[in-house]
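Chemist: Okay, so here is my_file_37.tsv, and as you'll see once you scroll down, it has TSV, C-alpha atoms and all ligand atoms.
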```
chain	number	residue	atom	x	y	z
A	13	MET	CA	-32.35	40.65	-116.79
A	14	SER	CA	-31.34	37.55	-118.70
A	15	GLU	CA	-27.81	37.23	-120.00
A	16	THR	CA	-27.20	36.61	-123.68
A	17	SER	CA	-23.91	35.33	-125.07
A	18	SER	CA	-23.07	38.82	-126.32
A	19	ASP	CA	-23.59	40.23	-122.80
A	20	TRP	CA	-21.21	37.56	-121.58
A	21	GLN	CA	-18.54	38.58	-124.07
A	22	ARG	CA	-18.65	42.13	-122.75
A	23	THR	CA	-18.25	40.98	-119.14
A	24	THR	CA	-14.96	41.96	-117.56
A	25	ILE	CA	-13.31	39.95	-114.84
A	26	ASP	CA	-13.89	41.02	-111.25
A	27	SER	CA	-14.64	39.43	-107.89
A	28	ALA	CA	-18.39	40.00	-108.17
A	29	GLN	CA	-18.40	38.29	-111.53
A	30	ALA	CA	-16.47	35.35	-110.07
A	31	ALA	CA	-18.92	35.02	-107.17
A	32	ALA	CA	-21.90	35.14	-109.51
A	33	HIS	CA	-20.39	32.45	-111.74
A	34	PRO	CA	-18.67	29.83	-109.59
A	35	GLU	CA	-18.08	27.70	-112.69
A	36	THR	CA	-15.58	30.31	-113.87
A	37	ALA	CA	-13.90	30.81	-110.48
A	38	GLN	CA	-10.85	28.77	-111.47
A	39	ALA	CA	-10.34	30.79	-114.63
A	40	VAL	CA	-10.74	34.04	-112.68
A	41	ALA	CA	-8.15	32.92	-110.10
A	42	ARG	CA	-5.70	31.98	-112.86
A	43	ILE	CA	-6.27	35.28	-114.69
A	44	LYS	CA	-5.56	37.17	-111.44
A	45	ALA	CA	-2.28	35.31	-110.99
A	46	LEU	CA	-1.29	35.96	-114.60
A	47	ARG	CA	-2.17	39.66	-114.21
A	48	GLN	CA	0.21	39.87	-111.27
A	49	SER	CA	2.96	38.61	-113.58
A	50	ILE	CA	1.86	41.06	-116.29
A	51	ASP	CA	2.12	43.93	-113.77
A	52	ASN	CA	5.60	42.76	-112.73
A	53	ILE	CA	6.68	42.58	-116.37
A	54	ASP	CA	5.31	46.10	-117.04
A	55	SER	CA	7.24	47.41	-114.01
A	56	ALA	CA	10.44	45.86	-115.33
A	57	VAL	CA	9.87	47.19	-118.86
A	58	ILE	CA	9.25	50.75	-117.60
A	59	SER	CA	12.38	50.60	-115.42
A	60	LEU	CA	14.42	49.30	-118.35
A	61	LEU	CA	13.04	52.01	-120.64
A	62	ALA	CA	14.01	54.67	-118.08
A	63	GLU	CA	17.56	53.29	-118.02
A	64	ARG	CA	17.69	53.09	-121.82
A	65	PHE	CA	16.67	56.73	-122.23
A	66	LYS	CA	19.07	57.90	-119.53
A	67	THR	CA	21.82	56.05	-121.41
A	68	THR	CA	20.89	57.28	-124.89
A	69	SER	CA	20.69	60.83	-123.52
A	70	GLN	CA	24.30	60.50	-122.35
A	71	VAL	CA	25.20	59.40	-125.88
A	72	GLY	CA	23.30	62.48	-127.11
A	73	VAL	CA	25.42	64.78	-124.95
A	74	LEU	CA	28.66	63.16	-126.15
A	75	LYS	CA	27.52	63.39	-129.78
A	76	ALA	CA	26.44	67.03	-129.47
A	77	ASN	CA	29.76	68.01	-127.86
A	78	ALA	CA	31.76	66.08	-130.46
A	79	GLY	CA	29.71	67.48	-133.36
A	80	PHE	CA	28.12	64.16	-134.41
A	81	ALA	CA	24.60	63.95	-135.86
A	82	PRO	CA	21.80	62.55	-133.63
A	83	GLU	CA	21.12	59.74	-136.11
A	84	ASP	CA	23.48	56.90	-136.93
A	85	MET	CA	21.98	54.62	-139.59
A	86	LYS	CA	24.90	52.19	-139.55
A	87	ARG	CA	24.24	51.54	-135.86
A	88	GLU	CA	20.49	51.28	-136.55
A	89	ASP	CA	21.00	48.74	-139.34
A	90	TYR	CA	22.99	46.62	-136.91
A	91	GLN	CA	20.20	46.95	-134.29
A	92	ILE	CA	17.47	46.04	-136.80
A	93	GLU	CA	19.25	42.85	-137.81
A	94	ARG	CA	20.18	41.97	-134.23
A	95	LEU	CA	16.72	42.53	-132.72
A	96	HIS	CA	15.07	40.61	-135.58
A	97	ARG	CA	17.30	37.62	-134.85
A	98	ILE	CA	16.85	37.84	-131.07
A	99	ALA	CA	13.05	38.13	-131.44
A	100	ILE	CA	12.86	34.97	-133.55
A	101	GLU	CA	15.07	33.08	-131.10
A	102	ALA	CA	12.84	34.23	-128.22
A	103	GLY	CA	9.61	33.29	-130.00
A	104	LEU	CA	8.51	36.90	-130.48
A	105	ASP	CA	7.05	38.18	-133.75
A	106	PRO	CA	9.95	40.22	-135.22
A	107	GLU	CA	7.42	42.90	-136.26
A	108	ILE	CA	6.88	43.63	-132.57
A	109	ALA	CA	10.64	43.89	-132.02
A	110	GLU	CA	10.88	46.30	-134.95
A	111	LYS	CA	7.97	48.41	-133.65
A	112	TYR	CA	9.70	48.60	-130.27
A	113	ARG	CA	13.04	49.54	-131.89
A	114	GLU	CA	11.48	52.18	-134.12
A	115	PHE	CA	9.68	53.73	-131.13
A	116	VAL	CA	12.66	53.94	-128.77
A	117	VAL	CA	15.18	55.01	-131.40
A	118	THR	CA	12.88	57.74	-132.77
A	119	GLU	CA	12.33	59.09	-129.24
A	120	ALA	CA	16.06	58.88	-128.46
A	121	LYS	CA	16.90	60.87	-131.62
A	122	LYS	CA	14.32	63.56	-130.77
A	123	ARG	CA	16.06	63.96	-127.40
A	124	HIS	CA	19.49	64.05	-129.09
A	125	GLN	CA	18.19	66.83	-131.31
A	126	ARG	CA	16.96	68.82	-128.31
A	127	ILE	CA	20.27	68.34	-126.51
A	128	ALA	CA	22.20	69.42	-129.63
A	129	GLU	CA	20.00	72.52	-130.00
A	130	ALA	CA	20.76	73.35	-126.35
A	131	GLY	CA	24.50	73.17	-127.09
A	132	GLY	CA	24.98	69.77	-125.45
A	133	ASP	CA	23.10	70.58	-122.25
A	134	PRO	CA	21.07	67.54	-121.10
A	135	GLY	CA	19.27	69.84	-118.63
A	136	VAL	CA	16.97	70.69	-121.52
A	137	LEU	CA	15.30	67.32	-120.88
A	138	ASP	CA	14.42	68.35	-117.30
A	139	VAL	CA	13.64	65.36	-115.10
A	140	PHE	CA	12.71	63.10	-117.98
A	141	ALA	CA	15.40	61.42	-120.03
A	201	LIG	C1	21.94	56.27	-129.19
A	201	LIG	C2	22.43	56.52	-130.41
A	201	LIG	O1	21.83	57.45	-131.30
A	201	LIG	C3	20.70	57.14	-132.12
A	201	LIG	C4	19.74	56.34	-131.32
A	201	LIG	C5	19.90	54.99	-131.27
A	201	LIG	C6	19.22	54.18	-130.18
A	201	LIG	O2	18.29	54.70	-129.54
A	201	LIG	O3	19.65	53.04	-129.93
A	201	LIG	C7	20.69	54.33	-132.21
A	201	LIG	C8	21.33	55.00	-133.19
A	201	LIG	C9	21.21	56.47	-133.39
A	201	LIG	O4	20.39	56.73	-134.50
A	201	LIG	C10	23.67	55.90	-130.89
A	201	LIG	O5	24.20	56.34	-131.92
A	201	LIG	O6	24.15	54.97	-130.23
```
Starting from the file, give its structure as C-alpha cells.
Modeler:
Amino acid sequence: MSETSSDWQRTTIDSAQAAAHPETAQAVARIKALRQSIDNIDSAVISLLAERFKTTSQVGVLKANAGFAPEDMKREDYQIERLHRIAIEAGLDPEIAEKYREFVVTEAKKRHQRIAEAGGDPGVLDVFA
C-alpha cells in the first residue's frame, strides 16, 4: 500500500518505523534519548507530588486539631504571585504554573476536609496522601 502524507502524519515512532525509513533514523534516535529524559522528569514529578501531598496532609491534621479551616486564601494569594514570578523566570508559561497550583491546592484542600471530618485522623486517607 502506498503511503500518503496523511498516513505519514499518523505514524508513531518505533523501531520498525526507523528500520523502514533509514532517513529518519537520526530523528528516531534523538527522540528516544529525549523520551528517556521525559520519563526521568515524570518520575521526579510524581515523587515530588507524593512528598507534597504527604506534607500538606500533615498541615491538614494540624489545622483540623487546631480548629483552622482547610482553605487559607492569604497563603494561596502569596503562592499565586510567587509561582507566576518563578514560572516567568524559568521560561514557563505562567498559565501552566497556575493550572498546576490550582490542581494541587484543590486536591490538598479536599484531603484537609476529609481529615477534618474524621476529627483530625489522617488514617482516613489510607495509603494515599
Ligand atoms: C496546605 C495548606 O492548606 C491549603 C492548601 C494549600 C496548598 O496545597 O499549598 C495552600 C493553602 C491552603 O488553602 C496551607 O494552609 O498551608
Chemist: Step by step, measure atom-to-atom distances between ligand LIG 201 (chain A) and each residue using only C-alpha atoms and all ligand atoms, keep those at most 8 Å, then write them as a list in words.
Modeler: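 Listed by chain and ascending number, the contacts are Arg64, Phe65, Thr67, Thr68, Ser69, Val71, Gly72, Pro82, Glu83, Asp84, Met85, Lys86, Arg87, Glu88, Gln91, Arg113, Val116, Val117, Thr118, Glu119, Ala120, Lys121 and His124 of chain A.
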Chemist: Find the residues around Ile43 of chain A up to 12 Å (all atoms listed in the file counted), leave out those fewer than 6 positions away in its own chain, and share them as a list in words.
Modeler: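 Within the cut-off, the hits are Thr24, Ile25, Asp26, Ser27, Ala30, Thr36, Ala37, Ser49 and Ile50 of chain A.
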Chemist: Between atom CA of Phe80 of chain A and atom CA of Gln125 of chain A, what is the distance, to one decimal in Å?
Modeler: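 Distance reported for this atom pair: 10.7 Å.
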Chemist: Rounded to one decimal in Å, what is the spacing between atom CA of Arg123 of chain A and atom CA of Glu110 of chain A?
Modeler: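 We find that atom CA of Arg123 of chain A and atom CA of Glu110 of chain A lie 19.9 Å from each other.
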Chemist: Considering all atoms listed in the file, return as a list in words whatever protein or nucleic-acid residues lie within 10 Å of Leu95 of chain A, sequence-local ones (same chain, fewer than 4 positions apart) excluded.
Modeler: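 Final neighbour list, sorted by chain and number: Tyr90, Gln91, Ala99, Ile100, Glu101, Pro106, Glu107, Ile108, Ala109, Glu110, Tyr112 and Arg113 of chain A.
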Chemist: Take the selection from the previous step and output its residues with C-alpha atoms, as a PDB file, in the frame of the given file.
Modeler:
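The result, stored in out_8.pdb:
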```pdb
ATOM      1  CA  TYR A  90      22.990  46.620-136.910  1.00  0.00           C
ATOM      2  CA  GLN A  91      20.200  46.950-134.290  1.00  0.00           C
ATOM      3  CA  ALA A  99      13.050  38.130-131.440  1.00  0.00           C
ATOM      4  CA  ILE A 100      12.860  34.970-133.550  1.00  0.00           C
ATOM      5  CA  GLU A 101      15.070  33.080-131.100  1.00  0.00           C
ATOM      6  CA  PRO A 106       9.950  40.220-135.220  1.00  0.00           C
ATOM      7  CA  GLU A 107       7.420  42.900-136.260  1.00  0.00           C
ATOM      8  CA  ILE A 108       6.880  43.630-132.570  1.00  0.00           C
ATOM      9  CA  ALA A 109      10.640  43.890-132.020  1.00  0.00           C
ATOM     10  CA  GLU A 110      10.880  46.300-134.950  1.00  0.00           C
ATOM     11  CA  TYR A 112       9.700  48.600-130.270  1.00  0.00           C
ATOM     12  CA  ARG A 113      13.040  49.540-131.890  1.00  0.00           C
TER      13      ARG A 113
END
```
Chemist: In Å, rounded to a single decimal, give me how far atom CA of His96 of chain A is from atom CA of Phe115 of chain A.
Modeler: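 Between atom CA of Phe115 of chain A and atom CA of His96 of chain A the gap works out to 14.9 Å.
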Chemist: Could you pull the residues within 10 Å of Gly131 of chain A, counting all atoms listed in the file, minus those fewer than 2 positions along the same chain, as a list of chain:residue names?
Modeler: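 Contacts, in chain order: A:Val73, A:Ala76, A:Asn77, A:Gly79, A:Gln125, A:Arg126, A:Ile127, A:Ala128, A:Glu129, A:Asp133, A:Pro134, A:Val136.
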